[in-house]
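Enquirer: Pasting a structure here, questions to come.
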Amino acid sequence: MNSKGFATGIWTFGPCPDRFCVEGYKPPRRMEEYLDDLVKVKDLTGVMMHYPDPVDEQKAEAVRRALEERNLALASLDVDLFSNPQFARGSLMSPQPKIRKKAIEMTKRSLDLAEQLGSEVVNLWPGQDGFDYPFQIDYREQWDLLLDALEEVASYNPRVKLSLEYKLREPRTHSTIATSGVALFLSQIVQLPNVGVTIDLGHSLNCKESPANVVALLDKFKKLFVLHLNDNFRDWDDDMVVGTVHFWETLEFIYYLYHSDYQGWLGLDIFPYREDPILACSLSIENIKWLLEVVAKIDSQTLRSFQKEGNALEALRYLKSQI
């Protein structure tokens with residue numbers, strides 16, 4: 001691994017609403033105020049933002065200046081195909097041609113803006129593309145629409161990476177791009193080198209995956225493009241501080257990431273609803289740096305000797321000795 005450094009979503013410093021407190025637990029502020037707090041976090045040098053809010057064609061130069069004044073980089077631009085009610089029944093896979101066309105054009109514009117602002121990747125999470133009930137959608141048509149859209153968007157600007165973020169559910173009860181396997185399959189079948197996959201650590205846990213296994217799989221096929229780091233209790237996408245719940249699995253995840261060819265940002269995707277966002281980011285980064293120090297001490301040959309025997313207990317005992 002040779003990462004670009006630590007980044008976080010600008011939403012980390014926002015109101016952090018949920019469906020019970022829809023206005024958010026904190027007052028909304030100007031983008032520049034969020035960035036002012038962001039730079040107070042040691043080692044945080046990148047920011048993830050959404051198109052079209054707070055970044056669109058009219059605000060691009062203002063965003064560029066705000067980032068440059070604070071020595072921040074745009075780590076990724078995430079196209080928002082999920083918060084507008086017009087996409088309630090789908091975006092890239094909408095059966096309504098006008099809605100689908102708008103989603104495709106928004107994604108294309110996000111690629112252009114990412115390139116303009118110096119980011120090499122657009123994160124694509126089509127959260128409204130899926131279904132809630134049996135027989136609600138035509139699955140065959142859904143896959144055709146999705147593949148056609150991905151090919152059209154990715155080929156539009158091959159200089160920018162398009163990274164598919166998978167998630168099991170929410171806001172739909174079933175997401176179309178639900179697992180790492182589906183995301184990897186789509187990135188392969190499109191047959192364009194700028195299409196890859198985002199691992200959101202919490203989404204992987206929610207899918208009952210082994211996040212470390214997913215890192216190894218995506219790295220094997222050179223399709224690991226973006227990281228979103230957080231934690232949860234596996235039954236919901238809680239977006240908690242990294243390493244606060246799943247210690248061993250996060251350590252294993254970091255171990256395989258350390259030995260991967262990943263060269264992107266270590267991105268935090270956390271929602272500190274009731275916590276201080278500066279402290280939440282700081283603790284996440286401290287935990288990740290500590291885990292990286294631990295995995296740097298692990299002798300891979302020793303660990304593999306236990307793995308060849310399938311001896312989990314001795315492997316864990318050895319790992320414990322390195323902490």
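Residue numbering restarts at 1 for every chain of the structure tokens, chains are lettered A, B, ... in their displayed order, and ligands are numbered from 1 as they appear.
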Fewer than 3 positions away in the same chain doesn't count, so skip those; otherwise give me all residues within 10 Å of Glu249 of chain A, counting only C-alpha atoms, as a PDB file with N, CA and C atoms, in the first residue's frame.
Expert:
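Saved as part-v3.pdb:
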ATOM      1  N   LEU A 205     -19.048  -5.276   6.504  1.00  0.00           N
ATOM      2  CA  LEU A 205     -19.478  -5.936   7.736  1.00  0.00           C
ATOM      3  C   LEU A 205     -20.975  -6.204   7.712  1.00  0.00           C
ATOM      4  N   SER A 210     -16.120 -11.006   5.014  1.00  0.00           N
ATOM      5  CA  SER A 210     -14.827 -10.775   5.643  1.00  0.00           C
ATOM      6  C   SER A 210     -14.189  -9.616   4.892  1.00  0.00           C
ATOM      7  N   PRO A 211     -14.105  -8.419   5.480  1.00  0.00           N
ATOM      8  CA  PRO A 211     -13.528  -7.285   4.752  1.00  0.00           C
ATOM      9  C   PRO A 211     -12.113  -7.543   4.250  1.00  0.00           C
ATOM     10  N   ALA A 212     -11.317  -8.270   5.021  1.00  0.00           N
ATOM     11  CA  ALA A 212      -9.959  -8.577   4.590  1.00  0.00           C
ATOM     12  C   ALA A 212      -9.971  -9.444   3.335  1.00  0.00           C
ATOM     13  N   GLY A 243     -12.530   1.080  14.170  1.00  0.00           N
ATOM     14  CA  GLY A 243     -11.863   0.228  15.139  1.00  0.00           C
ATOM     15  C   GLY A 243     -12.455   0.214  16.523  1.00  0.00           C
ATOM     16  N   VAL A 245     -15.445  -1.244  17.367  1.00  0.00           N
ATOM     17  CA  VAL A 245     -16.278  -2.427  17.602  1.00  0.00           C
ATOM     18  C   VAL A 245     -15.559  -3.704  17.165  1.00  0.00           C
ATOM     19  N   HIS A 246     -15.169  -3.769  15.900  1.00  0.00           N
ATOM     20  CA  HIS A 246     -14.584  -4.996  15.349  1.00  0.00           C
ATOM     21  C   HIS A 246     -13.061  -4.887  15.304  1.00  0.00           C
ATOM     22  N   GLU A 252      -7.243  -7.328  10.691  1.00  0.00           N
ATOM     23  CA  GLU A 252      -7.024  -8.202   9.534  1.00  0.00           C
ATOM     24  C   GLU A 252      -7.224  -7.428   8.231  1.00  0.00           C
ATOM     25  N   PHE A 253      -8.231  -6.584   8.200  1.00  0.00           N
ATOM     26  CA  PHE A 253      -8.480  -5.727   7.040  1.00  0.00           C
ATOM     27  C   PHE A 253      -7.264  -4.847   6.747  1.00  0.00           C
ATOM     28  N   ILE A 254      -6.730  -4.197   7.784  1.00  0.00           N
ATOM     29  CA  ILE A 254      -5.580  -3.320   7.622  1.00  0.00           C
ATOM     30  C   ILE A 254      -4.348  -4.125   7.199  1.00  0.00           C
ATOM     31  N   TYR A 255      -4.208  -5.342   7.705  1.00  0.00           N
ATOM     32  CA  TYR A 255      -3.076  -6.196   7.331  1.00  0.00           C
ATOM     33  C   TYR A 255      -3.081  -6.465   5.830  1.00  0.00           C
TER      34      TYR A 255
END
Enquirer: Compile a residue-level contact table for segment 190-273 of chain A against segment 148-151 of chain A at a cut-off of 12 Å, reporting for every qualifying residue the shortest atom pair and its distance in Å to one decimal, with only C-alpha atoms counted, rows ordered by chain and ascending number, as CSV.
Expert:
residue,atom,partner,partner_atom,distance
A:Val190,CA,A:Glu151,CA,6.1
A:Gln191,CA,A:Glu151,CA,8.5
A:Leu192,CA,A:Glu151,CA,7.7
A:Pro193,CA,A:Glu151,CA,11.1
A:Asn194,CA,A:Glu151,CA,10.4
A:Val195,CA,A:Leu150,CA,8.4
A:Gly196,CA,A:Leu150,CA,11.0
Enquirer: When you count only C-alpha atoms, which of these residues is closest to Leu113 of chain A: A:Asn311, A:Gln58, A:Asn232, A:Asn84?
Expert: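 Looking at the shortest contact to Leu113 of chain A, the residue is A:Gln58.
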Enquirer: Out of segment 69-318 of chain A, which residues get strand (DSSP E) from DSSP, as a PyMOL selection string?
Expert: chain A and resi 73-79+121-124+130-131+161-165+174-175+195-200+224-229+266-268
Enquirer: Output C-alpha atoms of each residue in that selection to a file, as a JSON list (two decimals), in the first residue's frame.
Expert:
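Result saved to again_37.json:
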[["chain", "number", "residue", "atom", "x", "y", "z"],
["A", 73, "ALA", "CA", -7.15, 18.00, -1.82],
["A", 74, "LEU", "CA", -10.42, 16.71, -3.23],
["A", 75, "ALA", "CA", -10.06, 13.00, -2.51],
["A", 76, "SER", "CA", -13.17, 11.99, -4.45],
["A", 77, "LEU", "CA", -16.35, 13.44, -5.84],
["A", 78, "ASP", "CA", -19.47, 11.42, -5.00],
["A", 79, "VAL", "CA", -22.43, 11.85, -7.33],
["A", 121, "VAL", "CA", -12.03, 9.27, -8.97],
["A", 122, "VAL", "CA", -15.81, 9.58, -8.78],
["A", 123, "ASN", "CA", -17.50, 7.41, -6.21],
["A", 124, "LEU", "CA", -20.79, 5.98, -7.50],
["A", 130, "GLY", "CA", -32.99, -1.59, -6.05],
["A", 131, "PHE", "CA", -36.37, -2.78, -4.82],
["A", 161, "LYS", "CA", -11.97, 6.41, -12.38],
["A", 162, "LEU", "CA", -15.54, 5.34, -11.64],
["A", 163, "SER", "CA", -15.73, 3.40, -8.39],
["A", 164, "LEU", "CA", -18.84, 1.34, -7.57],
["A", 165, "GLU", "CA", -19.84, 1.45, -3.92],
["A", 174, "HIS", "CA", -32.58, -4.49, -1.36],
["A", 175, "SER", "CA", -29.83, -2.64, -3.21],
["A", 195, "VAL", "CA", -14.30, 1.02, -13.53],
["A", 196, "GLY", "CA", -13.53, -0.41, -10.10],
["A", 197, "VAL", "CA", -14.94, -0.92, -6.61],
["A", 198, "THR", "CA", -15.25, 1.01, -3.35],
["A", 199, "ILE", "CA", -14.95, -0.90, -0.11],
["A", 200, "ASP", "CA", -16.94, 0.71, 2.64],
["A", 224, "LEU", "CA", -9.73, -1.63, -5.42],
["A", 225, "PHE", "CA", -10.22, 2.08, -6.16],
["A", 226, "VAL", "CA", -11.69, 3.74, -3.04],
["A", 227, "LEU", "CA", -11.84, 3.11, 0.71],
["A", 228, "HIS", "CA", -14.52, 4.27, 3.16],
["A", 229, "LEU", "CA", -13.46, 3.41, 6.70],
["A", 266, "LEU", "CA", -7.67, 6.33, 3.48],
["A", 267, "GLY", "CA", -11.14, 7.86, 3.55],
["A", 268, "LEU", "CA", -13.26, 8.18, 6.68]]
Enquirer: Which is closest to Thr176 of chain A among A:Ser119, A:Thr244, A:Gln86, A:Gln128, if we use only C-alpha atoms?
Expert: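 Going through A:Ser119, A:Thr244, A:Gln86, A:Gln128 one by one, the smallest distance to Thr176 of chain A is for A:Gln128.
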Enquirer: Residues within 7 Å of Thr12 of chain A, please, as a list in words. Count only C-alpha atoms; anything in the same chain fewer than 3 positions from it doesn't count.
Expert: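 Result of the neighbour search: Gly9, Ile270, Phe271, Pro272 and Pro277 of chain A.
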